[in-house]
Structure formats: C-alpha cells, structure tokens
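Worksheet: one structure, shown below.
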Amino acid sequence: MTSSVALCTYNGETYIAEQLDSILSQTLPVSEIVICDDGSTDGTVKILSDYAVRYPEMIKVYQNPENLGYVGNFEKAMSLCSGDIVLLCDQDDRWYENKTQTITDIFKNHQNINVICHNIRLFGESLKSSENMVYWQMESFNPDNFTKPGDIINRLLYQGNVFPGMSMAVRNAFLKKNLPLKRVNKVIIHDYELLLLAADQNALWIEKTILGGYRIHPKQNIGYKAFSEFNPSETKTLTRDELFKVFQRYPFVKKAVSGLNLNKNLEAGYKKYCHQQYQDYLKKLPLLDRLVNQIKMKYYFHIFDYLK
C-alpha cells in the first residue's frame, strides 16, 4: 500500500525540520509528503524548499495564494494526497520510526477499517508535570472501556474528541468520498468530522501503541494551556456548571447527527445520557442538598428545557 503525508505549515520554522526528519526516518518509507503552507512569514518556506530539493520525488510543497485557515489548509492538503493511506501531520510534533509500518499493517489486515488513531506521548519544556504522560490521560480515556459497537461514537459525540489529527491515518478511498468537508460547525473540524463518520460506521481502529510525540508549546493551535497545566493526580468530578454544559451540548449533538447523516438513534441516546449524568450528580449530594437541587434545576434553572 502507498502512503501520503498531509502536512500543513504556518510559521513553523522552529520545529518543522525535526518533524520532517522523523517522517523521513520511517522503517517503512512514506510514498509522498504533501505540504501546504498557509502564508508563512518566517523561514518555514525556505526550510521546506531545501527539503524539496533534497527529496524531489517525495516532497511536494504548495504555497497558498491566500490564507485558508487551519481547517481549509488541511482539506486542501488531504485532497492532494494520492496514496492509499493518508496520514495527517502537524508541523511541530514527532513520529516514531515504526509509525507507517504499524499503520500500514493494520489497514492491510482489516479492510473494514477506514480510520486509525494511535496513542501519543506528550513532550516539551512547557509541560509542568514530570511524569511520562500520554494524551489519553488528559481525557481520562481508556480504549479497553470501548469494546461494543456504538461505544466509541457515543464517547466522541457526547463528550468530545480524544484523538488529535496528528495521531490519525485515513484510508484515501474513504477520505475522497467525504471531501469536501461538511463543516457543520466550528467545533467539528476536519479530523473530528472524519472520526465521527468512521466511528458511526464501526470503521475506526484505536491503536494502543505509542507511535508519536505530541509537542506542548505556547504557539500550538489547540490545547496548550490545558496540557501545560494538567496535573495527572487530580480527580475529575462533575460540578453543577459542568452538568449544565452537558445539557447545553444537546443542540450540538442534534446538528451533528443531522448534518453528518449519523445514526439517528444517537440523538435520543444523548437525552438518556443527560438524564444519567443528572442522576449521577444528584447521588453525590447530601439528601437535603439533593432535594433542593432537584427543585432548583427543574423549576428555576429549567435545565430540561435544553433537551427540547
């Protein structure tokens, strides 16, 4: 199977060479690296040009005439990929040398799988924790808890994405069927949209092997504050404010189901999920507080109105 890397850059001169070197060091070489630069004003384009001269058969660099933005740039890069497998790639991370081999083997052996997401390790000087953390710790995500059909789509849609794009690989035939992106809203960006579609079809593979490093630094697009301040010893509890956010997510779920043509039962399932979260929240309160909260939630805050 051939493989393409969809790599997007924007003012990434600090780390782009390290990322490219990690891709070029794969035990199973990739077939092509498609790079779309979104108007960098630093030395990124010069670095990319130097690599393209050294690897003319593999590296293809495209400079956007106008800024497309993060999602638009990735959509362009993905559309230009010709390999059987498309591996999404950010400019500031690192691949482990067995990444393409592991992913290619999975796609070869499982024809029903359209998207693979692998485990990744966090690294970077910005991390406050000295522990050897993986990304899924941040989301309290354990793949062993999602074994039945429907488990993972519920987790992704009801609680949010746990798989960064840089950990994703997509079968190109599936990708091309779903381009252009539907862009139902600003939250469901390119990687999240493809994940929801694949999970809805039970065509998503969760690979526990750590196949890359996710760099934490102040200039990254998504998640710097949350990752840099994360304390793995803290225990998450459902507060009242967080419970409200669960109920307030219902319109988002409803729009995602209709906009992406997902299983319609997911909408009704989310209402049940909200009621379960509500009951779990109340159970943790002392009896008197529980009774007061029940009255307040229903008649003062009108929390169930969010589900209409």
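Chains: A, B, ... in order of the structure tokens. Residues: from 1 per chain. Ligands: from 1, in order shown.
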
Would you write out, as JSON lines, a table of all residues in stretch 114-143 of chain A that have an atom no more than 10 Å from an atom of stretch 86-103 of chain A, listing for each the closest atom pair and the distance in Å to one decimal, considering only C-alpha atoms and ordering rows by chain and rising residue number?
{"residue": "A:Val115", "atom": "CA", "partner": "A:Val86", "partner_atom": "CA", "distance": 9.5}
{"residue": "A:Ile116", "atom": "CA", "partner": "A:Ile103", "partner_atom": "CA", "distance": 7.3}
{"residue": "A:Cys117", "atom": "CA", "partner": "A:Ile103", "partner_atom": "CA", "distance": 9.0}
{"residue": "A:His118", "atom": "CA", "partner": "A:Ile103", "partner_atom": "CA", "distance": 8.6}
{"residue": "A:Ile120", "atom": "CA", "partner": "A:Trp95", "partner_atom": "CA", "distance": 9.3}
{"residue": "A:Arg121", "atom": "CA", "partner": "A:Arg94", "partner_atom": "CA", "distance": 9.8}
{"residue": "A:Leu122", "atom": "CA", "partner": "A:Asp93", "partner_atom": "CA", "distance": 9.5}
{"residue": "A:Phe123", "atom": "CA", "partner": "A:Asp93", "partner_atom": "CA", "distance": 9.0}
{"residue": "A:Gly124", "atom": "CA", "partner": "A:Asp93", "partner_atom": "CA", "distance": 9.7}

> Do you know which residues are at most 10 Å from A:Gly160 counting only C-alpha atoms, after dropping those on the same chain fewer than 6 positions away, and could you put them as a ChimeraX atom specification?
Replying inline: /A:139,153-154,187-188,192

Written selection (C-alpha atoms) as a PDB file, in the first residue's frame:
ATOM      1  CA  GLU A 139      -9.203  12.858  28.612  1.00  0.00           C
ATOM      2  CA  ILE A 153     -19.196   7.062  18.597  1.00  0.00           C
ATOM      3  CA  ASN A 154     -21.091   7.816  21.818  1.00  0.00           C
ATOM      4  CA  VAL A 187     -16.113  22.725  16.635  1.00  0.00           C
ATOM      5  CA  ILE A 188     -16.261  19.800  14.223  1.00  0.00           C
ATOM      6  CA  TYR A 192     -13.225  15.342  14.221  1.00  0.00           C
TER       7      TYR A 192
END

>> Can you tell me, as a PyMOL selection string, which residues in stretch 99-160 of chain A count as strand (DSSP E) by DSSP?
In response: chain A and resi 115-123

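In terms of minimum interatomic distance to A:Gly12, A:Lys46 ranks closest within A:Lys46, A:Arg183, A:His110, A:Arg240, counting only C-alpha atoms.
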
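Closest approach to A:Gln277 among A:Val246, A:Leu291, A:Ile85, A:Leu260: A:Val246, based on only C-alpha atoms.
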
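Near A:Trp205, within a cut-off of 12 Å and counting only C-alpha atoms, sit the residues A:Ile103, A:Ile106, A:Phe107, A:Asn109, A:His110, A:Gln111, A:Asn112, A:Ile113, A:Asn114, A:Val115, A:Ile116, A:Cys117, A:His118, A:Asn119, A:Pro143, A:Phe146, A:Thr147, A:Pro149, A:Ile152, A:Ile153, A:Phe163, A:Ser167, A:Met168, A:Ala169, A:Val170, A:Arg171, A:Leu195, A:Ala198, A:Ala199, with same-chain residues fewer than 6 positions away left out.
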